[in-house]
Protein chains: 4
Amino acid sequence: MSGNSFGTLYCVTSFGESHGPAYGGVVDGCPPGLELNSEDIQKELNRRKPGSSRHVTQRRETDTVEILSGIYEGKTTGTAIGFLIRNEDQRSKDYAAIADTFRPGHADYTYWQKYGIRDPRGGGRASARETVIRVAAGAIAKKWLQERYEVVIRGYLAQLGPHPIAFKSWEDVGRNPFFAADDSRTKELEQFMDALRESGDSCGARVNVVAENVPVGWGEPVYGRLDADIAAAMMSINAVKGVEIGAGFASIGQKGSEHGDEMTPQGFLSNNNGGVLGGISTGQPVTVSIALKPTSSIRLPRRTINTKGAAATVQTTGRHDPCVGIRATPIAEAMLACVLMDQALRHRGQCGDVAPPLKLK
Amino acid sequence: MSGNSFGTLYCVTSFGESHGPAYGGVVDGCPPGLELNSEDIQKELNRRKPGSSRHVTQRRETDTVEILSGIYEGKTTGTAIGFLIRNEDQRSKDYAAIADTFRPGHADYTYWQKYGIRDPRGGGRASARETVIRVAAGAIAKKWLQERYEVVIRGYLAQLGPHPIAFKSWEDVGRNPFFAADDSRTKELEQFMDALRESGDSCGARVNVVAENVPVGWGEPVYGRLDADIAAAMMSINAVKGVEIGAGFASIGQKGSEHGDEMTPQGFLSNNNGGVLGGISTGQPVTVSIALKPTSSIRLPRRTINTKGAAATVQTTGRHDPCVGIRATPIAEAMLACVLMDQALRHRGQCGDVAPPLKLK
Amino acid sequence: MSGNSFGTLYCVTSFGESHGPAYGGVVDGCPPGLELNSEDIQKELNRRKPGSSRHVTQRRETDTVEILSGIYEGKTTGTAIGFLIRNEDQRSKDYAAIADTFRPGHADYTYWQKYGIRDPRGGGRASARETVIRVAAGAIAKKWLQERYEVVIRGYLAQLGPHPIAFKSWEDVGRNPFFAADDSRTKELEQFMDALRESGDSCGARVNVVAENVPVGWGEPVYGRLDADIAAAMMSINAVKGVEIGAGFASIGQKGSEHGDEMTPQGFLSNNNGGVLGGISTGQPVTVSIALKPTSSIRLPRRTINTKGAAATVQTTGRHDPCVGIRATPIAEAMLACVLMDQALRHRGQCGDVAPPLKLK
Amino acid sequence: MSGNSFGTLYCVTSFGESHGPAYGGVVDGCPPGLELNSEDIQKELNRRKPGSSRHVTQRRETDTVEILSGIYEGKTTGTAIGFLIRNEDQRSKDYAAIADTFRPGHADYTYWQKYGIRDPRGGGRASARETVIRVAAGAIAKKWLQERYEVVIRGYLAQLGPHPIAFKSWEDVGRNPFFAADDSRTKELEQFMDALRESGDSCGARVNVVAENVPVGWGEPVYGRLDADIAAAMMSINAVKGVEIGAGFASIGQKGSEHGDEMTPQGFLSNNNGGVLGGISTGQPVTVSIALKPTSSIRLPRRTINTKGAAATVQTTGRHDPCVGIRATPIAEAMLACVLMDQALRHRGQCGDVAPPLKLK
């Protein structure tokens, strides 16, 4: 399987470029009989849509999904679900200036060197616009996981640039344009973003994602671990530079007597392991945290080289998110959903006859 | 491909349990013509071997590798390389006490619930002893990468429990039992470990790994990214809870003007991206950092449940590493080597006719 | 990877149903820099197009391909190539009568039992119309193989029902609506088909495919053999019930002294092995022969059951090919092309540094 | 996944050479809780063992299997099952004469050209001795399929050289050294083989395999079809040049009204489709037939070239099967078992919630 697909049984394939006619995706392996229509997908796409506030890119895309196969009379048939999202607002001229130079921190340079050719319009295949496909595929996985296992997958922005944002409530997440779980911080974050945008610079972010009600037993030791699959899925999101499960890097400073989650007949007493032990889900919430780097396309002049190898200066004038992390919450949720669904199917493939011996709680 | 294999073209398969007769591995896809003998593998195995200092498990294993196939007259033939590492020191009685209880923070519980059956001796398949296979497979990858591309892969312990250890020199790494890159810290670390061991507790660690001379162009967007594969490989190592590439979580607080690595005709001016942009290697060193949680098997009493679901107390008396991170350096190097080798082969599969247009430096 | 994809490095994914809005495909792993436009694909699609003679289905489809990604300024970029072929002529009412019964020899019954749901319109996913995707993917592979290695892949109809058709010339193949390699047989075949069509019955066919100039060395022992991949690819074509390589079933009656292809410094003296030995290409033409069963949708009444399990009679009135084998030649060529291309890329991934020691001829 | 593994969820990996120390295999994905010991595997290995009659190779191998992992207290644990079969009777000197020449019809030449190096002792990796691993992996699959679904997989020799052998009874198969299903033919076959052996020549064979009680619904359209997987698995067996499902090549001459298997509420009225429709099992017996070419290593002088490319004569004097097809029956059964098991697990992964709507019979 080549690089534009992932998943073993719930397999997602993606194609499309930022300034081509459309993005497309294929979800292969979805169980039959799931009620599904384009609205189920659209509502997730709308959560990551550009142009929804002044803090994100002003590119105007409706991101309308068209389902082309795999559904009959409102239900999945078990065959491959193909879908398309047309690009509507491509201002390719925005990119003429950068066709011959490489933006620092961007994939321009590596695509050029790897393939000897690249589509420079809007970053081509490297554009974060590709994540529409992930969100669509994740919407299907979310729905099935919810209906079949009552799994609930939710995320929030946990840090914006230098500003950590503590979790207050899930309800708050939908009340502000940042996916912050504490709406009382909104004004402060807006001021920060306004100043950042004005400066022409960009910033990083942290996004946390949690999957609740994941049954015990999902994940395949030793290389196909649930957490390994999650790590790959998250690190494959544009701009992600770090992934943590549970206590993550804080585990380094913990003692074993502090980190190891004790158990009682009622359940675990803590969740430092983030819902995964030995690569297998514990039944506790699966908790993931990711670091997103600052957008590489900024309006400030930067030293670089051009396609001839000569020194150059580049300054990006296109319509970019000053913080890609702001729209990353639904993307991270989607990737977690896809991984969980794949592992759910793999688990019942191998262990379909096993009833977990113990029921906690 | 099920959970005990990884890699697309350089494919590693592993089997074996802590207290079974042997661990075995299969490396499939190694290019033919590589000079290889068991000593090439043995020297890497010796670096992770137990019992090499008082700070690690006192289990006595020579970890002697026996190559069973894939080599003829001292060279790889291109066919699958099978090898075996016999277990020599299994004191299964050590584990009798824990056969019916679940150690907090350990995979005991999840294996039991997933499979309805588990081999409790020494953690069975969940034992970190499985990493011998990774180190062996990595030794072959390291050798090929070195000979074919002059890639050098090295790691070091960057933090031991609460003690960060700054990088001083690669030479220092081999001078102490911790893989610390600053040998002047050794006495301090030994005192810390002696006290920790005496306390019956355990601690976490951070390991950094660096691959130098990686050519530009390795990695497959958008899901098969080099960094995504690295993340999966690292997170699949026992006890790892976090993975960073380049600036990692520090990227969150960086501005784009700070993070984006500027370029000149002589090369990049910084390496916040850790040698990967858009999932493709940049030609700069690939830098990875991982967090290892504290060992879950500790001598302190811990609340838990037994296989009947009743409350219990567990206290581990077997021979365990008080910090699994100490022996993790060669393991992390090995996983990075396997991933790079796989991506090297995949790259030349697709792009074998492409000459990178630019030469920097 | 789930069932709607195949290939390791040259990976083809397909979606779409006979009476849905469109079929779509994704070709992932194509080397960059190949000149490619929709016409390159269209000309192959036109060869399998319905309605091209009275001997095939009269469904009217232009089978117009729309490329959506992976190409920039006329060249492949190395990213996934997505494409769409819209369905234009869906008369779903044709199928109302058969929505509740299972056509003997058709996948109606098995889809229903496997998935508990099926799209009955035109066979849904089981329709042979899916092969448009194979032909499109094969067109790209053919072009690359031709330009990079001068590989030429051609097929012909070797038997139509009871009528074997000997090979006369490749030129003849294009001169008749049957892909027969002896145009002098055309009238006879037309008469046979006219009578068959009139009778309401259908017939089987044999198609032979040959790939010339395949370099020595492609194929991965022992399970990933070139011939194993070819067998899977061919058997996955609708209606195929048998696959032969080289002498195929005739090998049973041969002696070793007759079958084993002798060699001289000028090359092989025969090609009973069909260009594959030990799963690896020999440098001789790769020769494949496939058996296609008679179309299962016929106008004659047949005993069957309905979706309630009760006895029923079915008679198909839609527009079907009386011999699916007639249009199978371009499909079989395409599948051979995809397999060869995948193995070509895999070979240079692992053995990119090997120069074959010997040059014959 | 590279060439020495096959299967998606029930994944088999193989290593080893004819004259190396051992063959080894890994079965990954076996469901937990299956009672399994080495005797279960050994009894299948004994069926393909060399030296069991004068009609097969006189190499003396006990083919003793040693299970190294994946089993605890007599049951599979769900972790990878590793096993080893040591080579005991290697007379490498037998092969000194052929180290520099290529046997016509053998993989000597292609391995040499592909890899630039080969292990010439006994055919190295290309030796049919590798099939011990398939038989061992198949023994596990057979046992699980039998216990879980009452699937019974049996094969027989259907043709020996020019002699077709009609099926009489399954009981007969075990009564003669040929796996012939008509023991009354034994003397005739023995005389044929004695004469053949004396002549120094070899012959081909046809083997039929049947899987009974396969539930309806296994197989993944459109590329991962059950029959496509069977075709690949069979064609990957050494010396196989053709594969048929159901009526196979005879389908070419059939009319649709004859071929399409009619149904009644009691079941199908015929089985021309060999238990597979649209790539999915029908519930009828899965019937497969394969063609095995004559052994390429014969005692008669043959024209060939040597590793320098010069003309040479080769005459094989090692201990070879004059008809590899004789011992192929257990191998073909094993491959069918592995494929069915993999598809069984994949099916319940995706469709675990589907109850087939209809019960026939």
# chains A, B, ... in the order shown; residues from 1 in each chain; ligands from 1
call {"tool": "interface_residues", "arguments": {"of": "chain C", "to": "chain B", "cutoff": "7 Å", "atoms": "only C-alpha atoms", "output": "PyMOL selection string"}}
result
chain C and resi 29-32+345-346+348-351
call {"tool": "write_last_selection", "arguments": {"atoms": "C-alpha atoms", "output": "PDB file, in the first residue's frame"}}
result
ATOM      1  CA  GLY C  29       2.813   5.308  -6.437  1.00  0.00           C
ATOM      2  CA  CYS C  30       3.212   6.258 -10.066  1.00  0.00           C
ATOM      3  CA  PRO C  31       6.725   7.598 -10.659  1.00  0.00           C
ATOM      4  CA  PRO C  32       6.930  11.331 -11.247  1.00  0.00           C
ATOM      5  CA  LEU C 345       8.976  -0.726  -8.679  1.00  0.00           C
ATOM      6  CA  ARG C 346       9.341  -3.336  -5.934  1.00  0.00           C
ATOM      7  CA  ARG C 348      14.199  -1.630  -7.976  1.00  0.00           C
ATOM      8  CA  GLY C 349      13.298  -0.850  -4.382  1.00  0.00           C
ATOM      9  CA  GLN C 350      15.114  -3.924  -3.145  1.00  0.00           C
ATOM     10  CA  CYS C 351      17.574  -4.592  -5.964  1.00  0.00           C
TER      11      CYS C 351
END
call {"tool": "select_by_dssp", "arguments": {"residues": "segment 136-305 of chain D", "states": "alpha helix (DSSP H)", "output": "PyMOL selection string"}}
result
chain D and resi 136-149+170-173+186-199+226-235+256-259
call {"tool": "atom_distance", "arguments": {"atom1": "atom CA of Ala291 of chain B", "atom2": "atom CA of Gly253 of chain A"}}
result
9.7 Å
call {"tool": "select_by_dssp", "arguments": {"residues": "segment 140-280 of chain B", "states": "strand (DSSP E)", "output": "PyMOL selection string"}}
result
chain B and resi 152-160+163-164+205-212+240-245+263-264+267-268+276-277+280
call {"tool": "residues_around", "arguments": {"residues": "Leu145 of chain B", "least_positions_apart": "5", "cutoff": "12 Å", "atoms": "only C-alpha atoms", "output": "mmCIF file with N, CA, C and O atoms, in the first residue's frame"}}
result
data_model
loop_
_atom_site.group_PDB
_atom_site.id
_atom_site.type_symbol
_atom_site.label_atom_id
_atom_site.label_comp_id
_atom_site.auth_asym_id
_atom_site.auth_seq_id
_atom_site.Cartn_x
_atom_site.Cartn_y
_atom_site.Cartn_z
ATOM 1 N N CYS B 30 15.698 -7.172 2.546
ATOM 2 C CA CYS B 30 17.050 -6.597 2.573
ATOM 3 C C CYS B 30 17.686 -6.746 1.191
ATOM 4 O O CYS B 30 17.644 -7.818 0.598
ATOM 5 N N PRO B 31 18.286 -5.704 0.684
ATOM 6 C CA PRO B 31 18.960 -5.813 -0.609
ATOM 7 C C PRO B 31 20.042 -6.892 -0.584
ATOM 8 O O PRO B 31 20.655 -7.138 0.457
ATOM 9 N N LEU B 34 24.866 -7.412 0.629
ATOM 10 C CA LEU B 34 25.402 -6.766 1.829
ATOM 11 C C LEU B 34 26.232 -7.770 2.611
ATOM 12 O O LEU B 34 25.758 -8.851 2.943
ATOM 13 N N GLY B 138 17.430 -3.802 13.312
ATOM 14 C CA GLY B 138 18.017 -2.474 13.148
ATOM 15 C C GLY B 138 19.498 -2.541 12.827
ATOM 16 O O GLY B 138 20.029 -1.687 12.105
ATOM 17 N N ALA B 139 20.166 -3.539 13.349
ATOM 18 C CA ALA B 139 21.611 -3.671 13.083
ATOM 19 C C ALA B 139 21.853 -3.867 11.592
ATOM 20 O O ALA B 139 22.798 -3.305 11.019
ATOM 21 N N ILE B 140 20.991 -4.666 10.965
ATOM 22 C CA ILE B 140 21.137 -4.900 9.520
ATOM 23 C C ILE B 140 20.841 -3.610 8.759
ATOM 24 O O ILE B 140 21.582 -3.224 7.848
ATOM 25 N N GLU B 150 26.066 6.284 3.845
ATOM 26 C CA GLU B 150 26.835 6.909 4.933
ATOM 27 C C GLU B 150 25.950 7.498 6.029
ATOM 28 O O GLU B 150 26.347 8.425 6.739
ATOM 29 N N VAL B 151 24.753 6.944 6.140
ATOM 30 C CA VAL B 151 23.864 7.385 7.216
ATOM 31 C C VAL B 151 24.409 6.877 8.554
ATOM 32 O O VAL B 151 24.789 5.714 8.673
ATOM 33 N N VAL B 152 24.464 7.775 9.530
ATOM 34 C CA VAL B 152 24.922 7.408 10.873
ATOM 35 C C VAL B 152 23.780 7.659 11.857
ATOM 36 O O VAL B 152 23.234 8.761 11.897
ATOM 37 N N ILE B 153 23.425 6.630 12.603
ATOM 38 C CA ILE B 153 22.296 6.735 13.532
ATOM 39 C C ILE B 153 22.801 6.519 14.955
ATOM 40 O O ILE B 153 23.352 5.481 15.275
ATOM 41 N N ALA B 211 19.712 10.795 13.157
ATOM 42 C CA ALA B 211 20.234 10.133 11.957
ATOM 43 C C ALA B 211 20.869 11.186 11.071
ATOM 44 O O ALA B 211 20.182 12.104 10.615
ATOM 45 N N GLU B 212 22.147 11.061 10.854
ATOM 46 C CA GLU B 212 22.857 12.033 10.012
ATOM 47 C C GLU B 212 23.088 11.485 8.605
ATOM 48 O O GLU B 212 23.152 10.271 8.415
ATOM 49 N N ASN B 213 23.233 12.398 7.677
ATOM 50 C CA ASN B 213 23.492 12.062 6.271
ATOM 51 C C ASN B 213 22.316 11.403 5.561
ATOM 52 O O ASN B 213 22.495 10.781 4.510
ATOM 53 N N VAL B 214 21.133 11.521 6.140
ATOM 54 C CA VAL B 214 19.956 11.020 5.427
ATOM 55 C C VAL B 214 19.757 11.873 4.179
ATOM 56 O O VAL B 214 19.649 13.097 4.278
ATOM 57 N N PRO B 215 19.720 11.260 3.013
ATOM 58 C CA PRO B 215 19.538 12.055 1.796
ATOM 59 C C PRO B 215 18.177 12.759 1.787
ATOM 60 O O PRO B 215 17.240 12.301 2.431
ATOM 61 N N ALA B 334 17.611 1.473 16.618
ATOM 62 C CA ALA B 334 17.243 0.378 15.709
ATOM 63 C C ALA B 334 15.930 0.670 14.990
ATOM 64 O O ALA B 334 15.814 0.443 13.773
ATOM 65 N N LEU B 336 14.610 3.568 14.369
ATOM 66 C CA LEU B 336 14.828 4.629 13.390
ATOM 67 C C LEU B 336 15.518 4.067 12.142
ATOM 68 O O LEU B 336 15.163 4.414 11.006
ATOM 69 N N ALA B 337 16.462 3.177 12.364
ATOM 70 C CA ALA B 337 17.173 2.575 11.229
ATOM 71 C C ALA B 337 16.224 1.778 10.343
ATOM 72 O O ALA B 337 16.265 1.882 9.112
ATOM 73 N N CYS B 338 15.350 0.994 10.961
ATOM 74 C CA CYS B 338 14.410 0.182 10.168
ATOM 75 C C CYS B 338 13.492 1.066 9.334
ATOM 76 O O CYS B 338 13.240 0.794 8.154
ATOM 77 N N VAL B 339 12.989 2.128 9.949
ATOM 78 C CA VAL B 339 12.081 3.027 9.227
ATOM 79 C C VAL B 339 12.811 3.718 8.073
ATOM 80 O O VAL B 339 12.290 3.796 6.951
ATOM 81 N N LEU B 340 13.998 4.202 8.340
ATOM 82 C CA LEU B 340 14.744 4.893 7.279
ATOM 83 C C LEU B 340 15.047 3.941 6.124
ATOM 84 O O LEU B 340 14.939 4.306 4.951
ATOM 85 N N MET B 341 15.414 2.734 6.477
ATOM 86 C CA MET B 341 15.755 1.776 5.420
ATOM 87 C C MET B 341 14.522 1.466 4.577
ATOM 88 O O MET B 341 14.603 1.431 3.343
ATOM 89 N N ASP B 342 13.409 1.267 5.236
ATOM 90 C CA ASP B 342 12.175 0.983 4.503
ATOM 91 C C ASP B 342 11.840 2.146 3.565
ATOM 92 O O ASP B 342 11.504 1.940 2.397
ATOM 93 N N GLN B 343 11.958 3.350 4.072
ATOM 94 C CA GLN B 343 11.626 4.515 3.239
ATOM 95 C C GLN B 343 12.664 4.713 2.132
ATOM 96 O O GLN B 343 12.322 5.195 1.041
ATOM 97 N N ALA B 344 13.905 4.358 2.402
ATOM 98 C CA ALA B 344 14.924 4.451 1.350
ATOM 99 C C ALA B 344 14.555 3.544 0.183
ATOM 100 O O ALA B 344 14.621 3.940 -0.982
ATOM 101 N N LEU B 345 14.147 2.320 0.510
ATOM 102 C CA LEU B 345 13.796 1.367 -0.549
ATOM 103 C C LEU B 345 12.521 1.803 -1.266
ATOM 104 O O LEU B 345 12.431 1.735 -2.499
#
call {"tool": "residues_around", "arguments": {"residues": "segment 263-273 of chain C", "least_positions_apart": "2", "cutoff": "6 Å", "atoms": "only C-alpha atoms", "output": "list of chain:residue names"}}
result
C:Gly246, C:Ala247, C:His259, C:Asp261, C:Gly275, C:Val276, C:Leu360, C:Lys361, D:Arg303, D:Thr304, D:Ile305, D:Gly309, D:Ala310, D:Ala311
call {"tool": "residues_around", "arguments": {"residues": "Ser127 of chain D", "least_positions_apart": "5", "cutoff": "9 Å", "atoms": "only C-alpha atoms", "output": "MDAnalysis selection string"}}
result
chainID D and resid 17:18 107 122 238
call {"tool": "write_last_selection", "arguments": {"atoms": "C-alpha atoms", "output": "short mmCIF file (atom, residue, chain, number, x, y, z; two decimals), in the first residue's frame"}}
result
data_model
loop_
_atom_site.label_atom_id
_atom_site.label_comp_id
_atom_site.auth_asym_id
_atom_site.auth_seq_id
_atom_site.Cartn_x
_atom_site.Cartn_y
_atom_site.Cartn_z
CA GLU D 17 16.94 -22.42 2.47
CA SER D 18 17.23 -26.02 1.38
CA ALA D 107 14.81 -20.66 -10.80
CA GLY D 122 19.70 -27.53 -3.37
CA ASN D 238 6.56 -24.24 -6.63
#
call {"tool": "atom_distance", "arguments": {"atom1": "atom CA of Thr64 of chain C", "atom2": "atom CA of Gln42 of chain C"}}
result
6.8 Å
call {"tool": "atom_distance", "arguments": {"atom1": "atom CA of Ala231 of chain C", "atom2": "atom CA of Asp183 of chain C"}}
result
28.9 Å
call {"tool": "residues_around", "arguments": {"residues": "Asn37 of chain B", "least_positions_apart": "4", "cutoff": "8 Å", "atoms": "only C-alpha atoms", "output": "CSV table (one decimal) with N, CA and C atoms, in the first residue's frame"}}
result
chain,number,residue,atom,x,y,z
B,41,ILE,N,25.4,-8.2,14.0
B,41,ILE,CA,24.2,-8.1,14.8
B,41,ILE,C,24.5,-8.2,16.3
B,74,GLY,N,28.7,-15.2,3.4
B,74,GLY,CA,29.0,-13.9,4.0
B,74,GLY,C,28.2,-12.7,3.5
B,75,LYS,N,27.3,-13.0,2.5
B,75,LYS,CA,26.6,-11.9,2.0
B,75,LYS,C,25.1,-12.2,2.0
call {"tool": "residues_around", "arguments": {"residues": "Ser199 of chain C", "least_positions_apart": "3", "cutoff": "12 Å", "atoms": "only C-alpha atoms", "output": "compact mmCIF listing (two decimals) with N, CA and C atoms, in the first residue's frame"}}
result
# COMPACT_ATOMS: atom_id res chain seq x y z
N PHE C 192 -21.84 -16.74 -35.27
CA PHE C 192 -22.00 -17.45 -34.00
C PHE C 192 -22.64 -16.54 -32.96
N MET C 193 -22.16 -15.34 -32.88
CA MET C 193 -22.67 -14.41 -31.87
C MET C 193 -24.13 -14.01 -32.17
N ASP C 194 -24.42 -13.81 -33.44
CA ASP C 194 -25.80 -13.45 -33.80
C ASP C 194 -26.76 -14.55 -33.36
N ALA C 195 -26.39 -15.78 -33.62
CA ALA C 195 -27.25 -16.90 -33.24
C ALA C 195 -27.35 -17.01 -31.71
N LEU C 196 -26.24 -16.81 -31.06
CA LEU C 196 -26.23 -16.90 -29.60
C LEU C 196 -27.15 -15.85 -29.00
N SER C 202 -25.73 -17.29 -23.45
CA SER C 202 -24.42 -16.63 -23.43
C SER C 202 -23.34 -17.69 -23.55
N CYS C 203 -22.09 -17.24 -23.77
CA CYS C 203 -21.00 -18.21 -23.88
C CYS C 203 -19.74 -17.68 -23.20
N ILE C 298 -28.85 -13.91 -18.47
CA ILE C 298 -29.33 -14.35 -19.77
C ILE C 298 -30.85 -14.20 -19.84
N ARG C 299 -31.36 -14.24 -21.08
CA ARG C 299 -32.79 -14.00 -21.27
C ARG C 299 -33.63 -15.25 -21.10
N LEU C 300 -32.99 -16.39 -20.87
CA LEU C 300 -33.73 -17.64 -20.70
C LEU C 300 -34.20 -17.78 -19.26
N PRO C 301 -35.37 -18.41 -19.06
CA PRO C 301 -35.86 -18.57 -17.69
C PRO C 301 -34.99 -19.56 -16.91
N PRO C 322 -23.54 -10.77 -24.32
CA PRO C 322 -23.77 -12.22 -24.39
C PRO C 322 -22.49 -13.01 -24.14
N LYS D 255 -22.43 -22.94 -22.17
CA LYS D 255 -23.41 -21.88 -22.34
C LYS D 255 -23.77 -21.33 -20.95
N GLY D 256 -24.28 -20.11 -20.92
CA GLY D 256 -24.72 -19.55 -19.65
C GLY D 256 -25.80 -20.38 -18.99
N SER D 257 -26.66 -20.95 -19.83
CA SER D 257 -27.77 -21.75 -19.30
C SER D 257 -27.28 -23.05 -18.69
call {"tool": "decode", "arguments": {"residues": "segment 297-302 of chain C", "atoms": "all heavy atoms", "output": "CSV table (one decimal), in the first residue's frame"}}
result
chain,number,residue,atom,x,y,z
C,297,SER,N,-26.2,-13.2,-16.7
C,297,SER,CA,-27.4,-12.6,-17.0
C,297,SER,C,-27.9,-13.0,-18.4
C,297,SER,O,-27.4,-12.5,-19.4
C,297,SER,CB,-27.3,-11.1,-16.9
C,297,SER,OG,-26.9,-10.7,-15.6
C,298,ILE,N,-28.8,-13.9,-18.5
C,298,ILE,CA,-29.3,-14.3,-19.8
C,298,ILE,C,-30.8,-14.2,-19.8
C,298,ILE,O,-31.5,-14.0,-18.8
C,298,ILE,CB,-28.9,-15.8,-20.1
C,298,ILE,CG1,-29.4,-16.7,-19.0
C,298,ILE,CG2,-27.4,-15.9,-20.2
C,298,ILE,CD1,-29.1,-18.2,-19.3
C,299,ARG,N,-31.4,-14.2,-21.1
C,299,ARG,CA,-32.8,-14.0,-21.3
C,299,ARG,C,-33.6,-15.2,-21.1
C,299,ARG,O,-34.8,-15.2,-21.2
C,299,ARG,CB,-33.0,-13.4,-22.6
C,299,ARG,CG,-32.4,-12.0,-22.8
C,299,ARG,CD,-33.1,-11.2,-23.9
C,299,ARG,NE,-33.5,-12.0,-25.0
C,299,ARG,CZ,-32.8,-12.4,-26.1
C,299,ARG,NH1,-31.5,-11.9,-26.2
C,299,ARG,NH2,-33.3,-13.2,-27.0
C,300,LEU,N,-33.0,-16.4,-20.9
C,300,LEU,CA,-33.7,-17.6,-20.7
C,300,LEU,C,-34.2,-17.8,-19.3
C,300,LEU,O,-33.5,-17.3,-18.3
C,300,LEU,CB,-32.8,-18.8,-21.1
C,300,LEU,CG,-32.2,-18.8,-22.5
C,300,LEU,CD1,-31.3,-19.9,-22.7
C,300,LEU,CD2,-33.4,-18.8,-23.5
C,301,PRO,N,-35.4,-18.4,-19.1
C,301,PRO,CA,-35.9,-18.6,-17.7
C,301,PRO,C,-35.0,-19.6,-16.9
C,301,PRO,O,-34.6,-20.6,-17.4
C,301,PRO,CB,-37.3,-19.1,-17.9
C,301,PRO,CG,-37.3,-19.7,-19.3
C,301,PRO,CD,-36.3,-19.0,-20.1
C,302,ARG,N,-34.7,-19.2,-15.7
C,302,ARG,CA,-33.9,-20.0,-14.8
C,302,ARG,C,-34.5,-20.2,-13.4
C,302,ARG,O,-35.1,-19.3,-12.9
C,302,ARG,CB,-32.5,-19.3,-14.7
C,302,ARG,CG,-31.8,-19.0,-16.0
C,302,ARG,CD,-31.1,-20.2,-16.6
C,302,ARG,NE,-29.9,-20.6,-15.9
C,302,ARG,CZ,-29.4,-21.8,-15.8
C,302,ARG,NH1,-30.0,-22.8,-16.5
C,302,ARG,NH2,-28.3,-22.0,-15.2
